[in-house]
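The structure file input_17.txt is reproduced below (compact mmCIF, C-alpha atoms and all ligand atoms).
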```txt
# COMPACT_ATOMS: atom_id res chain seq x y z
CA MET D 1 0.00 0.00 0.00
CA ASN D 2 2.66 2.54 1.06
CA LYS D 3 4.81 1.66 -1.88
CA ASN D 4 1.93 2.20 -4.19
CA VAL D 5 1.13 5.55 -2.57
CA ILE D 6 4.76 6.62 -2.70
CA THR D 7 5.05 5.44 -6.26
CA GLY D 8 1.91 7.36 -7.10
CA ILE D 9 3.27 10.50 -5.43
CA VAL D 10 6.63 10.13 -7.17
CA ILE D 11 4.88 9.67 -10.47
CA ALA D 12 2.67 12.66 -9.74
CA VAL D 13 5.67 14.76 -8.77
CA VAL D 14 7.57 13.66 -11.86
CA ILE D 15 4.57 14.52 -13.99
CA VAL D 16 4.15 17.89 -12.28
CA LEU D 17 7.86 18.62 -12.57
CA GLY D 18 7.80 17.45 -16.14
CA LEU D 19 4.86 19.68 -16.95
CA TRP D 20 6.48 22.56 -15.08
CA PHE D 21 9.70 22.22 -17.04
CA TYR D 22 7.76 21.60 -20.19
CA PHE D 23 5.80 24.80 -19.86
CA LYS D 24 8.55 26.83 -18.31
CA SER D 25 11.48 25.95 -20.51
CA PRO D 26 9.94 26.03 -23.96
CA ALA D 27 8.72 29.58 -23.50
CA PRO D 28 12.09 31.26 -22.87
CA ILE D 29 13.80 28.94 -25.32
CA ASN D 30 11.23 29.43 -28.06
CA ALA D 31 11.02 33.18 -27.61
CA PRO D 32 14.65 33.97 -28.42
CA VAL D 33 14.72 31.33 -31.12
CA ASN D 34 11.67 32.81 -32.74
CA THR D 35 12.95 36.34 -32.36
CA ASN D 36 16.27 35.46 -33.90
CA ALA D 37 14.55 33.60 -36.64
CA LEU D 38 12.32 36.57 -37.33
CA GLU D 39 15.24 38.99 -37.25
CA ASP D 40 17.22 36.76 -39.54
CA MET D 41 14.27 36.42 -41.85
CA ASN D 42 13.71 40.15 -41.87
CA MET D 43 17.35 40.89 -42.53
CA ASP D 44 17.45 38.32 -45.26
CA ASP D 45 14.15 39.46 -46.69
CA MET D 46 14.90 43.17 -46.61
CA GLN D 47 18.30 43.07 -48.23
CA PRO D 48 17.62 40.80 -51.19
CA THR D 49 14.27 42.48 -51.91
CA THR D 50 15.82 45.92 -51.91
CA THR D 51 18.92 45.00 -53.82
CA PRO D 52 17.35 43.25 -56.82
CA THR D 53 14.76 46.00 -57.11
CA GLN D 54 17.44 48.61 -57.48
CA SER D 55 20.14 46.70 -59.29
CA GLY D 56 17.76 44.58 -61.35
CA GLN D 57 14.89 46.75 -62.52
CA ASN D 58 16.53 50.13 -62.92
CA PRO D 59 19.40 49.10 -65.18
CA GLY D 60 16.97 46.93 -67.11
CA THR D 61 14.66 49.88 -67.64
CA THR D 62 17.52 52.17 -68.52
CA VAL D 63 18.94 49.70 -71.00
CA ASP D 64 15.55 49.26 -72.64
CA LEU D 65 15.03 53.00 -72.92
CA SER D 66 18.44 53.66 -74.39
CA LEU D 67 17.99 50.79 -76.83
CA SER D 68 14.62 52.02 -78.06
CA ALA D 69 15.97 55.57 -78.20
CA ASN D 70 18.89 54.40 -80.31
CA THR D 71 16.88 52.31 -82.75
CA GLY D 72 14.91 55.33 -84.01
CA THR D 73 16.89 57.47 -86.42
CA VAL D 74 16.57 61.24 -86.51
CA LYS D 75 15.66 62.36 -90.02
CA SER D 76 15.73 66.03 -90.89
CA PHE D 77 14.00 67.66 -93.84
CA ASN D 78 14.08 71.21 -95.10
CA VAL D 79 10.68 72.02 -96.53
CA THR D 80 9.86 75.16 -98.45
CA GLY D 81 6.29 76.37 -98.71
CA SER D 82 5.46 78.62 -101.64
CA ASN D 83 2.34 79.52 -103.67
CA PHE D 84 0.93 76.86 -103.64
CA LYS D 85 3.07 73.84 -103.05
CA PHE D 86 5.58 72.23 -100.80
CA ASP D 87 9.06 71.26 -101.81
CA PRO D 88 9.59 68.40 -101.33
CA SER D 89 6.06 67.12 -101.82
CA GLU D 90 6.90 63.68 -100.48
CA ILE D 91 8.75 62.67 -97.33
CA ARG D 92 9.64 59.08 -96.57
CA VAL D 93 10.67 57.81 -93.13
CA LYS D 94 10.70 54.58 -91.18
CA LYS D 95 8.36 53.83 -88.31
CA GLY D 96 10.00 54.94 -85.08
CA ASP D 97 12.08 57.65 -86.71
CA THR D 98 12.21 61.06 -85.13
CA VAL D 99 11.26 63.42 -87.92
CA LYS D 100 12.46 67.01 -87.93
CA ILE D 101 10.80 69.34 -90.38
CA THR D 102 12.27 72.77 -90.91
CA LEU D 103 9.85 74.99 -92.77
CA ALA D 104 10.87 78.06 -94.72
CA SER D 105 8.21 80.11 -96.39
CA SER D 106 7.84 82.12 -99.53
CA GLY D 107 4.50 83.83 -99.16
CA MET D 108 2.38 83.03 -96.07
CA HIS D 109 2.29 79.37 -95.18
CA ASP D 110 2.40 76.85 -92.42
CA PHE D 111 2.96 73.12 -92.23
CA ARG D 112 0.59 70.69 -90.57
CA ILE D 113 0.14 66.95 -90.15
CA ASP D 114 -3.02 66.32 -88.18
CA GLU D 115 -2.28 62.65 -87.43
CA PHE D 116 0.93 63.54 -85.60
CA ASN D 117 -0.29 66.78 -84.09
CA VAL D 118 2.31 68.70 -86.06
CA LYS D 119 1.83 72.36 -86.78
CA THR D 120 4.16 75.25 -87.35
CA ASN D 121 3.35 78.90 -87.05
CA VAL D 122 2.29 80.72 -90.18
CA LEU D 123 5.55 81.96 -91.64
CA LYS D 124 5.87 84.90 -93.98
CA THR D 125 8.55 85.51 -96.53
CA GLY D 126 11.71 86.42 -94.69
CA ASP D 127 10.66 84.85 -91.39
CA ALA D 128 13.20 82.60 -89.77
CA PRO D 129 12.60 78.95 -90.60
CA GLN D 130 10.81 76.98 -87.90
CA THR D 131 11.59 73.41 -86.93
CA VAL D 132 8.98 71.00 -85.63
CA GLN D 133 9.72 67.45 -84.60
CA PHE D 134 7.72 64.33 -83.93
CA VAL D 135 8.11 60.58 -83.73
CA ALA D 136 6.61 58.69 -86.66
CA ASP D 137 5.11 55.99 -84.45
CA LYS D 138 2.61 54.57 -86.94
CA THR D 139 2.90 53.43 -90.51
CA GLY D 140 0.84 54.76 -93.37
CA THR D 141 0.56 57.68 -95.76
CA PHE D 142 -0.35 60.97 -94.18
CA GLU D 143 -1.07 64.29 -95.79
CA TYR D 144 0.79 67.40 -94.81
CA TYR D 145 -0.77 70.62 -95.83
CA CYS D 146 -0.88 74.37 -95.45
CA SER D 147 -3.81 75.61 -93.40
CA VAL D 148 -3.68 79.21 -94.61
CA GLY D 149 -6.76 80.31 -96.56
CA ASN D 150 -7.67 77.84 -99.31
CA HIS D 151 -4.07 76.80 -99.93
CA ARG D 152 -4.80 73.17 -99.11
CA ALA D 153 -7.66 73.05 -101.62
CA MET D 154 -5.36 74.67 -104.16
CA GLY D 155 -3.03 71.74 -103.84
CA MET D 156 -0.63 72.90 -101.19
CA VAL D 157 -0.26 69.39 -99.81
CA GLY D 158 2.34 66.68 -99.60
CA LYS D 159 2.68 63.06 -98.55
CA LEU D 160 4.42 61.76 -95.46
CA ILE D 161 5.03 58.06 -95.96
CA VAL D 162 5.94 56.10 -92.85
CA GLU D 163 7.18 52.60 -93.73
CU CU I 201 0.06 78.14 -97.75
```
Any chance you could put this one into structure tokens?
Ligand SMILES: [Cu+2]
Amino acid sequence: MNKNVITGIVIAVVIVLGLWFYFKSPAPINAPVNTNALEDMNMDDMQPTTTPTQSGQNPGTTVDLSLSANTGTVKSFNVTGSNFKFDPSEIRVKKGDTVKITLASSGMHDFRIDEFNVKTNVLKTGDAPQTVQFVADKTGTFEYYCSVGNHRAMGMVGKLIVE
């Protein structure tokens, strides 16, 4: 009987002690482990996320921009408007080209391409030539014309061909 009671008490004490250690020790042990793990994770997460974003995306974007900027050629044209025509009356460029039109005028004329939102001032004889520039970002044949009076109807037009 006594042995059984003692054994039961010992077992109970062992269980209580076991539970006490079980609940007491894991907490302080887990806490620092978790904290370190979190700190390590954060450190690891922060640095790689920040670094690839800056070193990966920005140069990539810059490279792409410079490449696309370099592929388009700048093409310059001197255009003279007179009564009632343009010289030249046809301009040919490639899609993506940056087109510079420098208009000189004999009489009173301007130069417009509606599809590319291009318009010069109306220039009179003796006015300084004016340069307008745009990117030919779509293919097709587009009419340039003079918007002064009835000049367009009188044939003061030309063709911009974007290939
Ligand atoms: Cu005109």
(request) For Val79 of chain D, work out the shell of residues within 10 Å, counting all atoms listed in the file and skipping chain neighbours fewer than 5 positions away, then give it as a PyMOL selection string. (result) chain D and resi 86-91+101-105+111+129-131
(request) Return as a ChimeraX atom specification every polymer residue, whether protein, DNA or RNA, with at least one atom no more than 12 Å from an atom of ligand CU 201 (chain I); count all atoms listed in the file. (result) /D:80-86,103-112,120-125,144-158
(request) Write out as a ChimeraX atom specification the residues lying within 9 Å of Val135 of chain D, counting all atoms listed in the file and excluding same-chain residues fewer than 3 positions away. (result) /D:72,74,95-100,116,138
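Between Glu115 of chain D and the candidates D:Phe142, D:Ala128, D:Glu163, D:Arg92, the tightest atom-to-atom separation, counting only C-alpha atoms, involves D:Phe142.
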(request) Between atom CA of Asn117 of chain D and atom CA of Ser76 of chain D, measure the distance and give it in Å to one decimal. (result) 17.4 Å
